[in-house]
Structure formats: structure tokens, C-alpha cells
Amino acid sequence: MEDSPRASLLDSIESPADLRALPRAELPRLAAELRDFLIHAVGPMGGHLAAGLGTVELTIALHYVFDTPWDRLVWDVGHQAYPHKVLTGRRERLGSIKQKGGLAPFPARAESVFDNFGVGHSSTSISAALGMAIASRHAGSDRRVVAVIGDGAMSAGLAWEALNHAGSLDVDLLVVLNDNDMSISENVGALSQYFARLLSGRMYSHLREGSKKVLRTMPVAWELARRSEVHAKGMVLPGTLFEELGFNYIGPVDGHDVDGLLTTLGNMRSLPGPQFLHVVTQKGRGYAPAEADPIAWHGPGPYDPVSGTMVRETPGGPTYSQVFGEWICDAAERDPRVVAITPAMREGSGLVAFEQRFPERYFDVAIAEQHAVTLAAGLACDGLRPVVAIYSTFLQRGYDQLIHDVALQRLPVVFAIDRAGLVGGDGATHQGAFDLSFLRCVPNLVVMAPADENECRQMLDTALVLDQPAAVRYPRGRGLGVAISREVVPLPLGRGELRRRGGSGLAILSFGTMLGQALALGGIFDATVVNMRFVKPLDEELIASIAGSHAALVTLEENAIAGGAGSAVLEFLRQSGNPVPVHIAGIPDRYIEHGSRDDNLAAAGLDLATLQVMIDRLWRPAQLSRARPAG
């Protein structure tokens, strides 16, 4: 007689309270079920997979030991938080992640009481958790606070600023380092596991704290004991640095040993003061394709969970990232001064080939956007031509350096700004909605927005020959499929181009990616269409000419309306005394959430149908005809 199949443990988990009701011995089975569920649930739509597969046991252990949501659990970035979403009542909706109306791609406070801090950008967890720990102490509560941060996120200065501060305070804070690349410690063996259990236990804690109380009355003996302890631990554990920062370091421990994690976390939960647990995990754990290539499986598109075959995109033109990658290789071939800098976005920014061909001229500075920009400034000071490849949303972190270290000194740094505009599934934290606004107010900086992939190359060529800083902002995804010339053709600085001559009623000034909608609207309303190309400097001569010969203007941009390209046009016209009415179409004053790119455009009112209704409502063709300027 065959054994009847056991009921799924995962199906019985609607909240961490259900998880904590399970016998400890059942947790490895739950981990296997959760991992299998993630592999199959993410497959149809794609999403961040490999990091979450690596944190299955850690997530289970954290929710089992800590009384969430009373105890605070703060994730860093959120790539690794899919298991957390599943265990906190969102299992049935996981397949909707990144889709319009579906789950957010990262932890979001508005989505669940278990998401204690909204994330998307890296290295924020320790600062946020420290704030919560201080608030808990202020309230006199027994709440525990845990920050979970990856080894990649530990490369950012913000994380170390928070560690430096936290170690000096008498607060109960646990920082868990999820080391999924063995970047700090290469070996996790029986000896280190033994020390982890020993050093997190009550006996060691009591002896350690009791000895401190006695020895602090004898300064010379205290200093000798402190140094001896630190260096003795440093001989077998990579925790000396964290101890020097004021943390009690435990680890490294095996992040896939549920029982070991429960023991260590259980011990550490009652330890006072700043605690640091080093957990080693394997990215992509339990899914052979992701284990073999965790980079490719970090955030895959749709895939077949059984075969591990990714669904190939419909063939089309190259992505803008690929266009950039080919351009910078060509530029480096021609000019030995060209160097590339990226803050840990080699694949996403299209720099894989450059690193292979020009390894001595390639600098991945890890997640350190501020350093990336000032490094470029230093390189430019001594005659090199640095190109900073960075996402729009991440350039926000290097803004002070852009202003103070690059633009103020008029240094010839090229900013290749990827993912500008609306980016789709990654949602509000990653929308490149603000770069035109925060860049155009910076003196000495040229700002360009290409309408297609060939113009993107031309603008990059233009930026490289300028004797001042310049930014080229281009969108995520594929270009329009236009022919791309590899001939070096810099554009005339600050000059737009007339793309459609219409009647004298309406003129549409398009900046960057909106040219397609502009040309379609031009056909509907017999409007003149201008591809402005430059946000700074503006083609003021062309704008004055168009404004003087048309009854009304519309500006189109995939950027925040506030302070963007349309605002620049309006400022110029008002300063020059031209009264022509102008309507600015762009991203409204709200965050655009996740969904497809078409969903994002519609949410921002930048889809063709909405724009057509807007123009028809504001300026009907008959009204424009009656309002045409004389002559």
C-alpha cells in the first residue's frame, strides 16, 4: 500500500505566526517546499530569483526566532525578500509581482505590516534599522530590530556610516550580513561553526561582560584583554573590523543550516547592544541553472521552471545599453584616454565587452555612486576621458559629487545615464523620472536626450569631444530599429531639428523618447514637430522661431514636469516676453508604480490616446486656426 502524500506545509502558512507554530524539525521540509514554490511561481513572468533562493532558510529562521511584525525585520534592496513575501501572507499573489496592480518588486510599507521599511536602492537597511532601534529604546519597549544586508550592499559608504554610528550606541540592534559571494570569508567549516555557537552562547556572553566590568577598573589590564580578545578571534574569524566598530561579531555560519541558524539567532536575540551575524549563503541555491550562473538568474525574464530555459525576447533592434556598450568600445579603440566607470552595473550598463577588451581601463567601484563620480573627476584632472555608466535612479546618489567635484571644476566627464524615464516593472524606486530636472540646473553641464539609438551614439560622440561635463540620458529597453552609423558624427551643440512641418496652429517640442508620440500627434493635428535633442543648452533660436509662427506649443518629455525640459522652454519664452500658450506634458507630481512600460506611460498620461484627448480638450483644431498669428 502506497503512503498517502503529506499535506503541504507551505499551504498552511498565512503568516509568521503559523510558521512559529510548526515543530522545529519540520522547518527543513518547509524550506524545500518554499524553494520549489519560488522556482515555479516566478517562472511565468520572471523576477528577482537567485538572491531569494539563497535566503530561504535565513528567512524562515528570522521569522521563527523573532516575533514579527512586533520585532522589526528590515531588508536591504529587497532582491532577496521574495521568501519573506511568501511567508507573510502574499504567497498567492507572488505571480503578480512587478505587474500592474500586483505585488511590489521590493518590500513596501503600504503593502504589508511585515514590510517595515520600503527599499529598492541598496545599503539603507542598517541606517533605517538603527533609527528603529533608537526609537524602541526611547519608548522603553522590548522590541528587537534586525537588518539583513548583502555583501554587495556592504560596499556602499552608507552602510559603513551606519555601522560606525551604531557601534557607538547602547542599542539592541542585530545586523545580519548575507554573504552570498564569499566576498568576506572563503571558508565555512566545522571550526568556524563551533566558534559561532560558542560565541553566541550565554556562557561566553556572561564571561565576556563580567570580565569587562572587572577589567575596566584596571585600564592597563583592560586594554591588554581587549586587544587579546580581538586578535584571538581575528585568527579564526573575519570579524576584527566589526568588533573594532563596536559590534559583537558572530560567524561565519552556514546560511542553509536551518537548525544552526535557529540556535545562533536564538542566542543572539537576547544579547544586548550591537550584534553582527555573518551568514554565508549560495545565490541560486537549489536550482541548478541559477547556481551555475547566478548573475544571469539574478533577475531573469520568463523561464520554464522544469528545463531552466529562459524565454527569448522577440527579435528587434539593440537595446540602448547595447548601443552604449558598442559605442564605448569603439571610442576606446580610437582614443586611449577613454576609461569606463560603473557602480556595480557591468551587465546592465552594457560594459561586459569593454571589460574584456580593455581591462586596465575598466573600473567597477561596487555600489559606491559617490565614489564613482569623484573618481571620474580625478581621472579627468590628469588628462583621461572618463565615462560614468550609471542608471538615472542611482545617479541621484552621486548628485553632490556631480555638482561640486565635476561641474564646478568644468571637468570633461561623460555621464551615460541608462534607464532614464519610465522603467516598468522595477517601479517607483527605479523610475528615471528626475534627471532632467536635477541636471539642467547645474552650471557647466550639457544635457542631451536622444530620440533613437543612432542619435544616442551621436550624442555620446558629442559628449566625448566637449571640454566640459556632459550627460546623455537614454531609456531602458530596445531602440526603434533605426540604422546605426558607427561613423563619428558629433552634433552641433545646442541645436534641435525640425522633423515635421505642419500648419501654424500647434507645434510640439519633443525631448528624447517622446518623438514617436509627437510625430503621431503631428499627423493627427497637422502639427509642427521638433526634435529638441538638447535640454541644456536649449536651442533658443529655434524655439523663438517656432513660438513666433504658431498659436500654441506642447512640450513632451519622459521626465518630471516640475523643473524639467518643458519648464526650461517656458522660462525662456517668459524671459523673452513671448506670450504663446504652452502646455507641458511629462510625468506628473507623483510616483509611478510598477507595471509594463505601456502601463507606466498610461499612468503618467503620456500614452498616445491620453495625449490626443489632452490636446483636443485644450486646443481644438478650429480654435488653433482662429488663433493663428497674423502673417
# chains A, B, ... in the order shown; residues from 1 in each chain; ligands from 1
>>> closest_atom_pairs(of="stretch 470-533 of chain A", to="stretch 321-334 of chain A", cutoff="8 Å", atoms="only C-alpha atoms", output="CSV")
residue,atom,partner,partner_atom,distance
A:Arg476,CA,A:Ser321,CA,7.5
A:Gly477,CA,A:Ser321,CA,7.7
A:Arg486,CA,A:Trp327,CA,7.8
>>> residues_around(residues="A:Val373", least_positions_apart="4", cutoff="12 Å", atoms="only C-alpha atoms", output="count of residues only")
40
>>> closest_residue(among="A:Lys100, A:Arg440, A:Arg24, A:Arg72", to="A:Ala135", atoms="only C-alpha atoms")
A:Arg72
>>> closest_atom_pairs(of="stretch 15-87 of chain A", to="stretch 271-285 of chain A", cutoff="12 Å", atoms="only C-alpha atoms", output="tab-separated table")
residue	atom	partner	partner_atom	distance
A:Ala31	CA	A:Arg285	CA	11.2
A:Ala32	CA	A:Arg285	CA	10.5
A:Leu34	CA	A:Arg285	CA	11.9
A:Arg35	CA	A:Arg285	CA	8.4
A:Asp36	CA	A:Arg285	CA	10.7
A:Leu38	CA	A:Gly284	CA	10.9
A:Ile39	CA	A:Gly284	CA	9.8
A:His48	CA	A:Gly284	CA	10.4
A:Leu49	CA	A:Gly284	CA	7.2
A:Ala50	CA	A:Gly284	CA	4.0
A:Ala51	CA	A:Lys283	CA	5.2
A:Gly52	CA	A:Gly284	CA	7.5
A:Leu53	CA	A:Gly284	CA	5.1
A:Gly54	CA	A:Lys283	CA	4.6
A:Thr55	CA	A:Thr281	CA	7.0
A:Val56	CA	A:Arg285	CA	8.8
A:Glu57	CA	A:Thr281	CA	9.3
A:Leu58	CA	A:Val279	CA	8.4
A:Thr59	CA	A:Thr281	CA	11.7
A:Ala61	CA	A:Val279	CA	11.9
A:Leu62	CA	A:Leu277	CA	11.9
A:His79	CA	A:Lys283	CA	11.1
A:Gln80	CA	A:Lys283	CA	9.4
>>> residues_around(residues="A:Ile584", least_positions_apart="6", cutoff="6 Å", atoms="only C-alpha atoms", output="number ranges by chain")
A: 554-555, 566
>>> write_last_selection(atoms="all heavy atoms", output="mmCIF file, in the first residue's frame")
data_model
loop_
_atom_site.group_PDB
_atom_site.id
_atom_site.type_symbol
_atom_site.label_atom_id
_atom_site.label_comp_id
_atom_site.auth_asym_id
_atom_site.auth_seq_id
_atom_site.Cartn_x
_atom_site.Cartn_y
_atom_site.Cartn_z
ATOM 1 N N VAL A 554 3.167 72.562 -27.338
ATOM 2 C CA VAL A 554 3.149 71.465 -26.369
ATOM 3 C C VAL A 554 4.570 70.927 -26.270
ATOM 4 O O VAL A 554 5.225 70.711 -27.290
ATOM 5 C CB VAL A 554 2.199 70.330 -26.801
ATOM 6 C CG1 VAL A 554 2.397 69.093 -25.917
ATOM 7 C CG2 VAL A 554 0.752 70.780 -26.741
ATOM 8 N N THR A 555 5.065 70.754 -25.050
ATOM 9 C CA THR A 555 6.354 70.097 -24.862
ATOM 10 C C THR A 555 6.112 68.694 -24.330
ATOM 11 O O THR A 555 5.229 68.479 -23.498
ATOM 12 C CB THR A 555 7.263 70.860 -23.886
ATOM 13 O OG1 THR A 555 6.703 70.826 -22.574
ATOM 14 C CG2 THR A 555 7.447 72.302 -24.336
ATOM 15 N N GLY A 566 10.342 70.982 -20.317
ATOM 16 C CA GLY A 566 9.262 71.905 -20.627
ATOM 17 C C GLY A 566 9.345 73.167 -19.804
ATOM 18 O O GLY A 566 9.064 74.273 -20.289
#
>>> select_by_dssp(residues="stretch 541-618 of chain A", states="strand (DSSP E)", output="list in words")
Ala552, Leu553, Val554, Thr555, Leu556, Glu557, Glu558, Asn559, Ala560, Val582, His583, Ile584, Ala585, Gly586 and Ile587 of chain A
>>> write_last_selection(atoms="N, CA, C and O atoms", output="PDB file, in the first residue's frame")
ATOM      1  N   ALA A 552       0.128  77.826 -30.462  1.00  0.00           N
ATOM      2  CA  ALA A 552       0.291  77.171 -29.164  1.00  0.00           C
ATOM      3  C   ALA A 552       1.390  76.120 -29.265  1.00  0.00           C
ATOM      4  O   ALA A 552       1.658  75.591 -30.346  1.00  0.00           O
ATOM      5  N   LEU A 553       2.002  75.842 -28.130  1.00  0.00           N
ATOM      6  CA  LEU A 553       3.070  74.852 -28.072  1.00  0.00           C
ATOM      7  C   LEU A 553       2.730  73.776 -27.046  1.00  0.00           C
ATOM      8  O   LEU A 553       2.118  74.054 -26.003  1.00  0.00           O
ATOM      9  N   VAL A 554       3.167  72.562 -27.338  1.00  0.00           N
ATOM     10  CA  VAL A 554       3.149  71.465 -26.369  1.00  0.00           C
ATOM     11  C   VAL A 554       4.570  70.927 -26.270  1.00  0.00           C
ATOM     12  O   VAL A 554       5.225  70.711 -27.290  1.00  0.00           O
ATOM     13  N   THR A 555       5.065  70.754 -25.050  1.00  0.00           N
ATOM     14  CA  THR A 555       6.354  70.097 -24.862  1.00  0.00           C
ATOM     15  C   THR A 555       6.112  68.694 -24.330  1.00  0.00           C
ATOM     16  O   THR A 555       5.229  68.479 -23.498  1.00  0.00           O
ATOM     17  N   LEU A 556       6.886  67.741 -24.820  1.00  0.00           N
ATOM     18  CA  LEU A 556       6.759  66.344 -24.406  1.00  0.00           C
ATOM     19  C   LEU A 556       8.094  65.859 -23.862  1.00  0.00           C
ATOM     20  O   LEU A 556       9.132  66.033 -24.501  1.00  0.00           O
ATOM     21  N   GLU A 557       8.071  65.210 -22.705  1.00  0.00           N
ATOM     22  CA  GLU A 557       9.289  64.654 -22.126  1.00  0.00           C
ATOM     23  C   GLU A 557       8.932  63.511 -21.198  1.00  0.00           C
ATOM     24  O   GLU A 557       7.859  63.486 -20.586  1.00  0.00           O
ATOM     25  N   GLU A 558       9.835  62.554 -21.084  1.00  0.00           N
ATOM     26  CA  GLU A 558       9.661  61.436 -20.165  1.00  0.00           C
ATOM     27  C   GLU A 558      10.466  61.739 -18.898  1.00  0.00           C
ATOM     28  O   GLU A 558      11.445  61.074 -18.562  1.00  0.00           O
ATOM     29  N   ASN A 559      10.027  62.777 -18.221  1.00  0.00           N
ATOM     30  CA  ASN A 559      10.692  63.287 -17.017  1.00  0.00           C
ATOM     31  C   ASN A 559       9.635  64.038 -16.219  1.00  0.00           C
ATOM     32  O   ASN A 559       8.576  64.388 -16.726  1.00  0.00           O
ATOM     33  N   ALA A 560       9.932  64.269 -14.965  1.00  0.00           N
ATOM     34  CA  ALA A 560       9.010  65.033 -14.126  1.00  0.00           C
ATOM     35  C   ALA A 560       8.714  66.390 -14.758  1.00  0.00           C
ATOM     36  O   ALA A 560       9.624  67.058 -15.254  1.00  0.00           O
ATOM     37  N   VAL A 582       1.706  77.592 -23.621  1.00  0.00           N
ATOM     38  CA  VAL A 582       2.498  76.364 -23.625  1.00  0.00           C
ATOM     39  C   VAL A 582       1.885  75.375 -22.642  1.00  0.00           C
ATOM     40  O   VAL A 582       1.563  75.736 -21.506  1.00  0.00           O
ATOM     41  N   HIS A 583       1.733  74.131 -23.097  1.00  0.00           N
ATOM     42  CA  HIS A 583       1.312  73.061 -22.187  1.00  0.00           C
ATOM     43  C   HIS A 583       2.460  72.073 -22.064  1.00  0.00           C
ATOM     44  O   HIS A 583       2.997  71.597 -23.063  1.00  0.00           O
ATOM     45  N   ILE A 584       2.857  71.762 -20.827  1.00  0.00           N
ATOM     46  CA  ILE A 584       3.956  70.829 -20.567  1.00  0.00           C
ATOM     47  C   ILE A 584       3.371  69.448 -20.280  1.00  0.00           C
ATOM     48  O   ILE A 584       2.601  69.276 -19.332  1.00  0.00           O
ATOM     49  N   ALA A 585       3.739  68.475 -21.088  1.00  0.00           N
ATOM     50  CA  ALA A 585       3.329  67.086 -20.878  1.00  0.00           C
ATOM     51  C   ALA A 585       4.544  66.291 -20.412  1.00  0.00           C
ATOM     52  O   ALA A 585       5.575  66.268 -21.088  1.00  0.00           O
ATOM     53  N   GLY A 586       4.434  65.678 -19.263  1.00  0.00           N
ATOM     54  CA  GLY A 586       5.523  64.884 -18.702  1.00  0.00           C
ATOM     55  C   GLY A 586       4.998  64.053 -17.560  1.00  0.00           C
ATOM     56  O   GLY A 586       3.789  63.821 -17.450  1.00  0.00           O
ATOM     57  N   ILE A 587       5.880  63.599 -16.708  1.00  0.00           N
ATOM     58  CA  ILE A 587       5.488  62.769 -15.573  1.00  0.00           C
ATOM     59  C   ILE A 587       4.929  63.674 -14.474  1.00  0.00           C
ATOM     60  O   ILE A 587       5.589  64.616 -14.051  1.00  0.00           O
TER      61      ILE A 587
END
>>> residues_around(residues="A:Leu506", least_positions_apart="6", cutoff="7 Å", atoms="only C-alpha atoms", output="list of chain:residue names")
A:Ala527, A:Thr528, A:His550, A:Ala551, A:Ala552, A:Leu553, A:Leu624
>>> write_last_selection(atoms="all heavy atoms", output="PDB file, in the first residue's frame")
ATOM      1  N   ALA A 527       0.302  69.187 -36.863  1.00  0.00           N
ATOM      2  CA  ALA A 527       1.167  69.997 -36.019  1.00  0.00           C
ATOM      3  C   ALA A 527       2.615  69.928 -36.502  1.00  0.00           C
ATOM      4  O   ALA A 527       3.064  68.924 -37.047  1.00  0.00           O
ATOM      5  CB  ALA A 527       1.088  69.524 -34.567  1.00  0.00           C
ATOM      6  N   THR A 528       3.340  70.998 -36.253  1.00  0.00           N
ATOM      7  CA  THR A 528       4.789  71.001 -36.471  1.00  0.00           C
ATOM      8  C   THR A 528       5.448  70.235 -35.329  1.00  0.00           C
ATOM      9  O   THR A 528       5.051  70.364 -34.170  1.00  0.00           O
ATOM     10  CB  THR A 528       5.311  72.444 -36.510  1.00  0.00           C
ATOM     11  OG1 THR A 528       4.751  73.094 -37.659  1.00  0.00           O
ATOM     12  CG2 THR A 528       6.831  72.485 -36.584  1.00  0.00           C
ATOM     13  N   HIS A 550       3.481  79.962 -34.462  1.00  0.00           N
ATOM     14  CA  HIS A 550       2.423  79.015 -34.101  1.00  0.00           C
ATOM     15  C   HIS A 550       1.569  79.582 -32.979  1.00  0.00           C
ATOM     16  O   HIS A 550       2.025  80.408 -32.181  1.00  0.00           O
ATOM     17  CB  HIS A 550       3.029  77.678 -33.670  1.00  0.00           C
ATOM     18  CG  HIS A 550       3.645  76.920 -34.803  1.00  0.00           C
ATOM     19  ND1 HIS A 550       4.886  77.232 -35.328  1.00  0.00           N
ATOM     20  CD2 HIS A 550       3.186  75.865 -35.543  1.00  0.00           C
ATOM     21  CE1 HIS A 550       5.173  76.410 -36.322  1.00  0.00           C
ATOM     22  NE2 HIS A 550       4.151  75.572 -36.471  1.00  0.00           N
ATOM     23  N   ALA A 551       0.335  79.102 -32.925  1.00  0.00           N
ATOM     24  CA  ALA A 551      -0.616  79.627 -31.950  1.00  0.00           C
ATOM     25  C   ALA A 551      -0.425  79.032 -30.564  1.00  0.00           C
ATOM     26  O   ALA A 551      -0.787  79.659 -29.566  1.00  0.00           O
ATOM     27  CB  ALA A 551      -2.043  79.359 -32.417  1.00  0.00           C
ATOM     28  N   ALA A 552       0.128  77.826 -30.462  1.00  0.00           N
ATOM     29  CA  ALA A 552       0.291  77.171 -29.164  1.00  0.00           C
ATOM     30  C   ALA A 552       1.390  76.120 -29.265  1.00  0.00           C
ATOM     31  O   ALA A 552       1.658  75.591 -30.346  1.00  0.00           O
ATOM     32  CB  ALA A 552      -1.007  76.522 -28.700  1.00  0.00           C
ATOM     33  N   LEU A 553       2.002  75.842 -28.130  1.00  0.00           N
ATOM     34  CA  LEU A 553       3.070  74.852 -28.072  1.00  0.00           C
ATOM     35  C   LEU A 553       2.730  73.776 -27.046  1.00  0.00           C
ATOM     36  O   LEU A 553       2.118  74.054 -26.003  1.00  0.00           O
ATOM     37  CB  LEU A 553       4.403  75.483 -27.672  1.00  0.00           C
ATOM     38  CG  LEU A 553       4.953  76.663 -28.478  1.00  0.00           C
ATOM     39  CD1 LEU A 553       6.312  77.074 -27.926  1.00  0.00           C
ATOM     40  CD2 LEU A 553       5.058  76.298 -29.959  1.00  0.00           C
ATOM     41  N   LEU A 624      -7.343  76.647 -32.802  1.00  0.00           N
ATOM     42  CA  LEU A 624      -5.983  76.962 -33.226  1.00  0.00           C
ATOM     43  C   LEU A 624      -5.986  77.734 -34.536  1.00  0.00           C
ATOM     44  O   LEU A 624      -5.225  78.658 -34.743  1.00  0.00           O
ATOM     45  CB  LEU A 624      -5.157  75.679 -33.368  1.00  0.00           C
ATOM     46  CG  LEU A 624      -4.812  74.960 -32.062  1.00  0.00           C
ATOM     47  CD1 LEU A 624      -4.225  73.598 -32.355  1.00  0.00           C
ATOM     48  CD2 LEU A 624      -3.835  75.795 -31.249  1.00  0.00           C
TER      49      LEU A 624
END
>>> select_by_dssp(residues="stretch 484-615 of chain A", states="alpha helix (DSSP H)", output="PyMOL selection string")
chain A and resi 515-525+540-549+565-575+597-604+608-615
>>> residues_around(residues="stretch 446-460 of chain A", least_positions_apart="6", cutoff="7 Å", atoms="only C-alpha atoms", output="ChimeraX atom specification")
/A:320,323,327,440,469-474,479-480,482-485,489-491,511-513,515,533-537
>>> closest_residue(among="A:Ser112, A:Gly595, A:Asp467, A:Arg478", to="A:Ile97", atoms="only C-alpha atoms")
A:Gly595
>>> atom_distance(atom1="atom CA of A:Ser168", atom2="atom CA of A:Ala133")
13.2 Å
>>> closest_residue(among="A:Ile508, A:Gly563, A:Val339, A:Glu26", to="A:Phe438", atoms="only C-alpha atoms")
A:Gly563
>>> atom_distance(atom1="atom CA of A:Arg143", atom2="atom CA of A:Thr68")
9.7 Å
>>> residues_around(residues="A:Ala433", least_positions_apart="3", cutoff="12 Å", atoms="only C-alpha atoms", output="ChimeraX atom specification")
/A:391-396,417-424,427-430,436-439,473-475,557-565,586-593,600-601,604
>>> write_last_selection(atoms="C-alpha atoms", output="PDB file, in the first residue's frame")
ATOM      1  CA  TYR A 391      21.339  54.368 -14.075  1.00  0.00           C
ATOM      2  CA  SER A 392      19.313  57.541 -13.709  1.00  0.00           C
ATOM      3  CA  THR A 393      17.890  56.446 -10.362  1.00  0.00           C
ATOM      4  CA  PHE A 394      21.392  55.729  -8.997  1.00  0.00           C
ATOM      5  CA  LEU A 395      22.923  58.984 -10.216  1.00  0.00           C
ATOM      6  CA  GLN A 396      20.724  60.675  -7.617  1.00  0.00           C
ATOM      7  CA  ILE A 417      22.667  57.725 -18.000  1.00  0.00           C
ATOM      8  CA  ASP A 418      20.791  54.473 -18.586  1.00  0.00           C
ATOM      9  CA  ARG A 419      17.189  53.674 -17.566  1.00  0.00           C
ATOM     10  CA  ALA A 420      16.131  57.315 -17.903  1.00  0.00           C
ATOM     11  CA  GLY A 421      12.397  57.851 -17.937  1.00  0.00           C
ATOM     12  CA  LEU A 422       9.857  55.144 -17.097  1.00  0.00           C
ATOM     13  CA  VAL A 423      11.369  51.713 -16.488  1.00  0.00           C
ATOM     14  CA  GLY A 424       8.360  49.437 -15.985  1.00  0.00           C
ATOM     15  CA  GLY A 427       8.599  50.547 -10.197  1.00  0.00           C
ATOM     16  CA  ALA A 428       8.770  53.760  -8.222  1.00  0.00           C
ATOM     17  CA  THR A 429      12.206  53.229  -6.697  1.00  0.00           C
ATOM     18  CA  HIS A 430      13.827  52.830 -10.118  1.00  0.00           C
ATOM     19  CA  LEU A 436      16.435  66.279 -16.458  1.00  0.00           C
ATOM     20  CA  SER A 437      15.161  68.342 -13.542  1.00  0.00           C
ATOM     21  CA  PHE A 438      18.196  67.891 -11.322  1.00  0.00           C
ATOM     22  CA  LEU A 439      20.732  68.113 -14.149  1.00  0.00           C
ATOM     23  CA  ARG A 473      20.196  60.173 -20.879  1.00  0.00           C
ATOM     24  CA  TYR A 474      18.600  57.234 -22.671  1.00  0.00           C
ATOM     25  CA  PRO A 475      15.795  54.801 -21.855  1.00  0.00           C
ATOM     26  CA  GLU A 557       9.289  64.654 -22.126  1.00  0.00           C
ATOM     27  CA  GLU A 558       9.661  61.436 -20.165  1.00  0.00           C
ATOM     28  CA  ASN A 559      10.692  63.287 -17.017  1.00  0.00           C
ATOM     29  CA  ALA A 560       9.010  65.033 -14.126  1.00  0.00           C
ATOM     30  CA  ILE A 561       7.083  68.106 -15.244  1.00  0.00           C
ATOM     31  CA  ALA A 562       8.446  70.025 -12.271  1.00  0.00           C
ATOM     32  CA  GLY A 563      11.703  71.630 -13.326  1.00  0.00           C
ATOM     33  CA  GLY A 564      12.136  69.562 -16.474  1.00  0.00           C
ATOM     34  CA  ALA A 565      12.696  70.353 -20.147  1.00  0.00           C
ATOM     35  CA  GLY A 586       5.523  64.884 -18.702  1.00  0.00           C
ATOM     36  CA  ILE A 587       5.488  62.769 -15.573  1.00  0.00           C
ATOM     37  CA  PRO A 588       3.087  64.286 -13.024  1.00  0.00           C
ATOM     38  CA  ASP A 589       3.935  65.126  -9.428  1.00  0.00           C
ATOM     39  CA  ARG A 590       3.510  61.612  -8.076  1.00  0.00           C
ATOM     40  CA  TYR A 591       5.434  58.344  -8.078  1.00  0.00           C
ATOM     41  CA  ILE A 592       4.625  55.965 -10.917  1.00  0.00           C
ATOM     42  CA  GLU A 593       4.314  52.410  -9.628  1.00  0.00           C
ATOM     43  CA  ASN A 600       3.715  53.380 -16.880  1.00  0.00           C
ATOM     44  CA  LEU A 601       3.126  55.684 -19.853  1.00  0.00           C
ATOM     45  CA  ALA A 604       1.757  59.234 -16.397  1.00  0.00           C
TER      46      ALA A 604
END
